[in-house]
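Enquirer: If it helps, the file is called protein37.csv and holds CSV, C-alpha atoms:
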```
chain,number,residue,atom,x,y,z
A,6,MET,CA,84.8,109.9,102.4
A,7,VAL,CA,83.2,109.2,99.0
A,8,GLY,CA,79.5,109.7,98.4
A,9,PRO,CA,77.7,108.5,95.2
A,10,HIS,CA,79.0,111.4,93.1
A,11,ARG,CA,81.0,113.6,95.5
A,12,VAL,CA,83.7,113.8,98.1
A,13,VAL,CA,82.6,114.8,101.6
A,14,ARG,CA,85.2,116.3,103.9
A,15,GLY,CA,85.0,117.4,107.5
A,16,PRO,CA,85.1,115.9,111.1
A,17,ILE,CA,84.4,112.2,110.9
A,18,ASP,CA,81.2,112.5,113.1
A,19,ASP,CA,79.7,115.1,110.7
A,20,VAL,CA,80.6,113.0,107.6
A,21,LEU,CA,79.1,109.9,109.0
A,22,ARG,CA,75.9,111.7,109.9
A,23,GLU,CA,75.6,113.1,106.4
A,24,LEU,CA,76.4,110.0,104.5
A,25,ARG,CA,74.6,107.5,106.8
A,26,PRO,CA,76.6,104.5,105.5
A,27,SER,CA,75.5,101.0,106.2
A,28,THR,CA,79.2,99.9,106.3
A,29,LEU,CA,82.3,101.8,107.3
A,30,VAL,CA,85.7,100.4,106.1
A,31,VAL,CA,88.7,101.8,108.1
A,32,ASP,CA,92.1,101.6,106.6
A,33,VAL,CA,94.8,100.6,109.1
A,34,PHE,CA,94.1,102.9,112.1
A,35,PRO,CA,91.7,101.2,114.5
A,36,ALA,CA,90.7,104.5,116.3
A,37,GLY,CA,91.5,106.9,113.5
A,38,ILE,CA,94.8,108.7,112.9
A,39,GLY,CA,94.4,110.8,116.0
A,40,GLY,CA,91.9,108.7,118.0
A,41,GLU,CA,89.0,110.6,116.6
A,42,LEU,CA,87.0,107.7,115.3
A,43,THR,CA,83.5,107.0,116.7
A,44,VAL,CA,80.8,105.0,114.9
A,45,PRO,CA,77.0,105.5,115.1
A,46,ASP,CA,74.9,102.5,116.0
A,47,ARG,CA,73.8,100.1,113.3
A,48,VAL,CA,76.8,100.8,111.1
A,49,ARG,CA,78.8,97.7,110.2
A,50,THR,CA,82.5,98.2,110.7
A,51,VAL,CA,85.4,96.6,108.8
A,52,LEU,CA,89.1,97.2,109.5
A,53,LEU,CA,92.0,96.6,107.1
A,54,ALA,CA,94.8,95.9,109.6
A,55,ARG,CA,98.6,96.0,109.1
A,56,LEU,CA,101.7,96.4,111.2
A,57,LEU,CA,101.7,99.4,113.5
A,58,ARG,CA,103.9,100.7,116.3
A,59,GLY,CA,100.8,101.8,118.2
A,60,TYR,CA,97.7,103.8,117.8
A,61,ALA,CA,95.9,106.8,119.2
A,62,GLY,CA,92.8,106.7,121.3
A,63,ARG,CA,90.4,103.9,122.0
A,64,PRO,CA,89.9,101.4,119.1
A,65,VAL,CA,86.5,100.7,117.8
A,66,ARG,CA,85.2,97.2,118.1
A,67,PHE,CA,84.9,96.0,114.5
A,68,ASP,CA,82.5,93.5,113.0
A,69,GLN,CA,85.2,92.2,110.7
A,70,VAL,CA,89.0,92.6,110.7
A,71,TRP,CA,91.0,91.7,107.6
A,72,THR,CA,94.8,91.5,108.2
A,73,VAL,CA,97.0,92.3,105.2
A,74,GLU,CA,100.2,91.5,107.0
A,75,GLU,CA,101.1,90.1,110.4
A,76,ALA,CA,99.9,92.6,113.0
A,77,THR,CA,99.4,92.8,116.7
A,78,LEU,CA,95.7,93.7,117.2
A,79,PRO,CA,94.2,95.4,120.2
A,80,PRO,CA,92.5,92.9,122.6
A,81,GLY,CA,88.8,92.3,121.8
A,82,ILE,CA,88.9,94.3,118.7
A,83,SER,CA,86.8,91.8,116.8
A,84,GLY,CA,85.4,88.3,117.0
A,85,ASP,CA,86.0,87.8,113.3
A,86,VAL,CA,89.6,88.1,112.1
A,87,ALA,CA,90.8,86.7,108.8
A,88,ARG,CA,93.8,87.1,106.4
A,89,LEU,CA,93.3,89.1,103.2
A,90,GLU,CA,95.8,88.7,100.3
A,91,LEU,CA,96.0,91.9,98.2
A,92,VAL,CA,96.4,91.6,94.5
A,93,ASP,CA,97.5,94.6,92.4
A,94,PRO,CA,95.4,95.4,89.4
A,95,PRO,CA,96.9,94.5,86.0
A,96,ALA,CA,99.4,97.1,84.7
A,97,PRO,CA,101.5,97.1,81.5
A,98,SER,CA,105.2,96.0,82.0
A,99,LEU,CA,107.7,98.8,81.8
A,100,PRO,CA,111.1,98.6,80.2
A,101,ILE,CA,114.2,99.4,82.2
A,102,ALA,CA,117.8,99.4,81.1
A,103,ALA,CA,119.9,96.4,82.0
A,104,GLY,CA,121.9,96.9,85.2
A,105,THR,CA,119.7,99.6,86.6
A,106,TRP,CA,119.3,100.0,90.3
A,107,LEU,CA,115.8,101.4,91.0
A,108,ILE,CA,115.0,103.7,93.9
A,109,PRO,CA,111.2,104.1,94.3
A,110,HIS,CA,110.2,106.7,96.8
A,111,ALA,CA,107.4,109.3,97.0
A,112,GLY,CA,108.6,110.8,100.3
A,113,PRO,CA,110.6,114.0,101.0
A,114,ALA,CA,113.8,114.9,99.2
A,115,SER,CA,115.8,114.3,102.3
A,116,GLU,CA,114.7,110.7,102.4
A,117,THR,CA,115.3,110.2,98.7
A,118,ALA,CA,118.9,111.6,99.2
A,119,GLU,CA,119.4,109.0,102.0
A,120,LEU,CA,118.2,106.2,99.7
A,121,ILE,CA,120.5,107.4,96.9
A,122,ALA,CA,123.5,107.4,99.4
A,123,TYR,CA,122.5,103.9,100.6
A,124,ALA,CA,122.3,102.6,97.1
A,125,ARG,CA,125.8,103.9,96.4
A,126,GLU,CA,127.1,102.4,99.6
A,127,CYS,CA,125.5,99.0,98.6
A,128,ALA,CA,127.0,99.3,95.1
A,129,GLY,CA,130.4,100.0,96.6
A,130,LEU,CA,130.2,96.9,98.8
A,131,GLU,CA,129.4,94.9,95.6
A,132,ASP,CA,132.2,96.7,93.7
A,133,ARG,CA,129.6,97.9,91.2
A,134,GLU,CA,128.9,101.3,89.5
A,135,PRO,CA,125.2,100.8,88.4
A,136,ARG,CA,122.9,103.4,86.8
A,137,LEU,CA,120.7,104.7,89.6
A,138,LEU,CA,117.1,105.6,88.6
A,139,VAL,CA,114.8,107.3,91.1
A,140,ALA,CA,111.0,106.7,90.5
A,141,SER,CA,109.2,109.5,92.3
A,142,PRO,CA,106.7,112.3,91.7
A,143,HIS,CA,109.5,114.7,92.6
A,144,PRO,CA,112.9,115.2,90.9
A,145,PRO,CA,115.6,113.8,93.1
A,146,PRO,CA,118.5,115.8,94.4
A,147,GLY,CA,121.7,115.7,92.5
A,148,ASP,CA,122.3,114.3,89.0
A,149,VAL,CA,120.5,110.9,89.4
A,150,ASP,CA,118.2,109.8,86.6
A,151,HIS,CA,114.5,110.2,87.3
A,152,ILE,CA,111.2,108.8,86.2
A,153,ASP,CA,107.7,109.8,87.3
A,154,VAL,CA,105.5,106.8,86.8
A,155,TYR,CA,102.6,105.2,88.6
A,156,PRO,CA,102.3,102.4,89.5
A,157,VAL,CA,106.0,101.8,89.8
A,158,TRP,CA,105.9,98.1,90.6
A,159,PRO,CA,106.0,97.0,86.9
A,160,LEU,CA,109.6,98.2,86.9
A,161,PHE,CA,110.6,95.9,89.7
A,162,ALA,CA,111.1,92.7,87.7
A,163,GLY,CA,113.6,94.3,85.3
A,164,ALA,CA,115.6,96.2,87.8
A,165,GLU,CA,118.9,94.6,89.0
A,166,ARG,CA,118.4,96.0,92.5
A,167,VAL,CA,115.5,97.8,94.2
A,168,ILE,CA,116.6,100.2,96.9
A,169,SER,CA,113.6,101.5,99.0
A,170,ALA,CA,112.2,102.3,102.3
A,171,ALA,CA,110.2,99.6,104.1
A,172,GLY,CA,106.7,100.8,103.5
A,173,PHE,CA,103.9,98.2,103.4
A,174,ASN,CA,103.3,98.3,99.6
A,175,VAL,CA,106.8,98.2,98.3
A,176,VAL,CA,107.8,95.3,100.6
A,177,ARG,CA,104.7,93.4,99.7
A,178,GLN,CA,105.2,94.0,95.9
A,179,MET,CA,108.9,93.0,96.1
A,180,ARG,CA,108.2,89.6,97.5
A,181,PRO,CA,108.7,87.8,94.2
A,182,TRP,CA,112.1,89.5,93.8
A,183,ARG,CA,113.0,89.7,97.5
A,184,SER,CA,116.6,88.6,96.9
A,185,LYS,CA,117.4,91.8,95.0
A,186,HIS,CA,115.6,94.1,97.5
A,187,ARG,CA,117.7,96.4,99.8
A,188,MET,CA,115.6,98.3,102.4
A,189,LEU,CA,116.4,101.4,104.4
A,190,PRO,CA,113.5,101.8,106.9
A,191,PHE,CA,112.5,105.3,108.0
A,192,ALA,CA,110.9,106.3,111.3
A,193,ARG,CA,107.1,106.9,111.1
A,194,ARG,CA,104.6,108.0,113.7
A,195,TRP,CA,102.7,104.7,113.6
A,196,ASP,CA,104.0,102.6,110.7
A,197,ASP,CA,106.6,100.1,111.9
A,198,GLN,CA,109.1,100.0,109.0
A,199,PHE,CA,111.9,98.6,111.1
A,200,THR,CA,110.0,95.4,112.1
A,201,ARG,CA,108.7,95.0,108.6
A,202,ALA,CA,112.2,95.3,107.1
A,203,ALA,CA,113.6,92.8,109.7
A,204,ARG,CA,110.9,90.3,108.8
A,205,ALA,CA,111.5,90.7,105.1
A,206,ARG,CA,115.3,90.2,105.6
A,207,ARG,CA,114.6,87.0,107.5
A,208,GLU,CA,112.6,85.8,104.5
A,209,ILE,CA,115.5,86.5,102.2
A,210,GLN,CA,117.8,84.4,104.4
A,211,ARG,CA,115.6,81.3,104.4
```
Using the file provided, produce a representation of the structure as structure tokens.

Expert:
Amino acid sequence: MVGPHRVVRGPIDDVLRELRPSTLVVDVFPAGIGGELTVPDRVRTVLLARLLRGYAGRPVRFDQVWTVEEATLPPGISGDVARLELVDPPAPSLPIAAGTWLIPHAGPASETAELIAYARECAGLEDREPRLLVASPHPPPGDVDHIDVYPVWPLFAGAERVISAAGFNVVRQMRPWRSKHRMLPFARRWDDQFTRAARARREIQR
């Protein structure tokens, strides 16, 4: 929670009492990550909703819900639900060598290794031997080339293929280049990467 010139940390009830906000914007989880969310009276509530496998606890009733992707919302969560299109802030284009297959992933090394193996499997099916480039804050396992850059999406246009998980941001940002996107969804507690990947693949086939 961000105050005027500081970050306030602690149990959500304590933070809300200290900050006394007029509006509370909740990112994704309608009852908090663990069902801990309660809201004092006279605080306007806004939810940024996306695809989830479920949620913990009892959702708050929000004054406004903005959906950033197709999502199943809890019954009665709000009387005002509207679509919100996200736009990434401008970023300089980044050069990438021709024929490069990009693997963006900020997750654990074990998942990065799975994505590298999946990229090699896809390359074999296409009878290709591309340069693989992992974009991550952490060096990848093995001898694969690595770049630590943020944001990574300016590399997408120049990559020959993008091999990634099926997180919300990478799937959204790859829509203009969906035909060269290969997704390997991972299991998450709440985020439904498998449904998101299936939807994206249906869009590619249209």

Enquirer: How many Å lie between atom CA of Val92 of chain A and atom CA of Ile38 of chain A, rounded to one decimal?

Expert: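 Atom-to-atom, atom CA of Val92 of chain A and atom CA of Ile38 of chain A are spaced 25.2 Å apart.
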
Enquirer: Please identify all polymer residues within 12 Å of Arg88 of chain A, counting all atoms listed in the file, omitting same-chain residues fewer than 6 positions from it, and present them as a ChimeraX atom specification.

Expert: /A:52-55,69-76

Enquirer: May I have the protein, DNA and RNA residues with an atom at most 12 Å from (129.3, 104.9, 88.4), counting all atoms listed in the file in the file's coordinates, returned as an NGL selection string?

Expert: :A and (104-106 or 124-126 or 128-129 or 132-137 or 148-149)

Enquirer: Using all atoms listed in the file, list the residues that have an atom at most 9 Å from (107.6, 109.9, 92.8), coordinates as in the file, as an NGL selection string.

Expert: :A and (109-112 or 139-145 or 151-155 or 157)

Enquirer: Mind writing the picked residues with C-alpha atoms as an mmCIF file, in the coordinates of the input?

Expert:
```
data_model
loop_
_atom_site.group_PDB
_atom_site.id
_atom_site.type_symbol
_atom_site.label_atom_id
_atom_site.label_comp_id
_atom_site.auth_asym_id
_atom_site.auth_seq_id
_atom_site.Cartn_x
_atom_site.Cartn_y
_atom_site.Cartn_z
ATOM 1 C CA PRO A 109 111.200 104.100 94.300
ATOM 2 C CA HIS A 110 110.200 106.700 96.800
ATOM 3 C CA ALA A 111 107.400 109.300 97.000
ATOM 4 C CA GLY A 112 108.600 110.800 100.300
ATOM 5 C CA VAL A 139 114.800 107.300 91.100
ATOM 6 C CA ALA A 140 111.000 106.700 90.500
ATOM 7 C CA SER A 141 109.200 109.500 92.300
ATOM 8 C CA PRO A 142 106.700 112.300 91.700
ATOM 9 C CA HIS A 143 109.500 114.700 92.600
ATOM 10 C CA PRO A 144 112.900 115.200 90.900
ATOM 11 C CA PRO A 145 115.600 113.800 93.100
ATOM 12 C CA HIS A 151 114.500 110.200 87.300
ATOM 13 C CA ILE A 152 111.200 108.800 86.200
ATOM 14 C CA ASP A 153 107.700 109.800 87.300
ATOM 15 C CA VAL A 154 105.500 106.800 86.800
ATOM 16 C CA TYR A 155 102.600 105.200 88.600
ATOM 17 C CA VAL A 157 106.000 101.800 89.800
#
```

Enquirer: Please determine, counting only C-alpha atoms, which residue among A:Pro190, A:Pro26, A:Gly81, A:Pro146 has the shortest atom-to-atom distance to Arg66 of chain A.

Expert: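 Closest to Arg66 of chain A of all the choices is A:Gly81.
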
Enquirer: Here is a test: counting all atoms listed in the file, which residue of A:Gln198, A:Pro159, A:Arg49, A:Pro64 is nearest to Pro95 of chain A?

Expert: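 Between A:Gln198, A:Pro159, A:Arg49, A:Pro64, the residue approaching Pro95 of chain A most closely is A:Pro159.
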
Enquirer: Any idea what the distance is between atom CA of Arg47 of chain A and atom CA of Val86 of chain A?

Expert: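 Atom-to-atom, atom CA of Arg47 of chain A and atom CA of Val86 of chain A are spaced 19.9 Å apart.
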
Enquirer: Could you state the separation of atom CA of Arg166 of chain A and atom CA of Lys185 of chain A in Å, given to one decimal place?

Expert: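 Separation between atom CA of Arg166 of chain A and atom CA of Lys185 of chain A: 5.0 Å.
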
Enquirer: Which of these, A:Val44, A:Val65, A:Thr200, A:Val51, has the shortest distance to Ala87 of chain A once you count only C-alpha atoms?

Expert: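 Once distances to Ala87 of chain A are computed over only C-alpha atoms, the minimum belongs to A:Val51.
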
Enquirer: Taking into account all atoms listed in the file, which residue in the set A:His186, A:Asp150, A:Arg206, A:Gly59 is nearest to Glu165 of chain A?

Expert: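 Between A:His186, A:Asp150, A:Arg206, A:Gly59, the residue approaching Glu165 of chain A most closely is A:His186.
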
Enquirer: Looking at A:Ile209, A:Asp68, A:Phe191, A:Pro45, which one is nearest to Gly84 of chain A, with distances taken over all atoms listed in the file?

Expert: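 Of all the options, A:Asp68 lies closest to Gly84 of chain A.
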
Enquirer: With a distance cut-off of 12 Å and only C-alpha atoms, select the neighbouring residues of Arg211 of chain A, excluding the residue or stretch itself and same-chain residues fewer than 5 positions from it, and output the selection as a list in words.

Expert: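 Counting only C-alpha atoms, the residues come to Arg183, Ser184, Arg204, Ala205 and Arg206 of chain A.
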
Enquirer: For the selection you just gave me, I'd like the residues written to a file as a compact mmCIF listing (two decimals), in the frame of the given file, keeping C-alpha atoms.

Expert:
```
# COMPACT_ATOMS: atom_id res chain seq x y z
CA ARG A 183 113.00 89.70 97.50
CA SER A 184 116.60 88.60 96.90
CA ARG A 204 110.90 90.30 108.80
CA ALA A 205 111.50 90.70 105.10
CA ARG A 206 115.30 90.20 105.60
```

Enquirer: Name the closest residue to Trp182 of chain A among the candidates A:Leu120, A:Leu160, A:Ser27, A:Ala202; distances are taken between atoms, counting only C-alpha atoms.

Expert: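 Of all the options, A:Leu160 lies closest to Trp182 of chain A.
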
Enquirer: Write out as a PDB file with C-alpha atoms, in the coordinates of the input the residues lying within 10 Å of Val175 of chain A, counting only C-alpha atoms and excluding same-chain residues fewer than 2 positions away.

Expert:
```pdb
ATOM      1  CA  PRO A 109     111.200 104.100  94.300  1.00  0.00           C
ATOM      2  CA  HIS A 110     110.200 106.700  96.800  1.00  0.00           C
ATOM      3  CA  VAL A 157     106.000 101.800  89.800  1.00  0.00           C
ATOM      4  CA  TRP A 158     105.900  98.100  90.600  1.00  0.00           C
ATOM      5  CA  PHE A 161     110.600  95.900  89.700  1.00  0.00           C
ATOM      6  CA  VAL A 167     115.500  97.800  94.200  1.00  0.00           C
ATOM      7  CA  SER A 169     113.600 101.500  99.000  1.00  0.00           C
ATOM      8  CA  ALA A 170     112.200 102.300 102.300  1.00  0.00           C
ATOM      9  CA  ALA A 171     110.200  99.600 104.100  1.00  0.00           C
ATOM     10  CA  GLY A 172     106.700 100.800 103.500  1.00  0.00           C
ATOM     11  CA  PHE A 173     103.900  98.200 103.400  1.00  0.00           C
ATOM     12  CA  ARG A 177     104.700  93.400  99.700  1.00  0.00           C
ATOM     13  CA  GLN A 178     105.200  94.000  95.900  1.00  0.00           C
ATOM     14  CA  MET A 179     108.900  93.000  96.100  1.00  0.00           C
ATOM     15  CA  ARG A 180     108.200  89.600  97.500  1.00  0.00           C
ATOM     16  CA  HIS A 186     115.600  94.100  97.500  1.00  0.00           C
ATOM     17  CA  MET A 188     115.600  98.300 102.400  1.00  0.00           C
TER      18      MET A 188
END
```
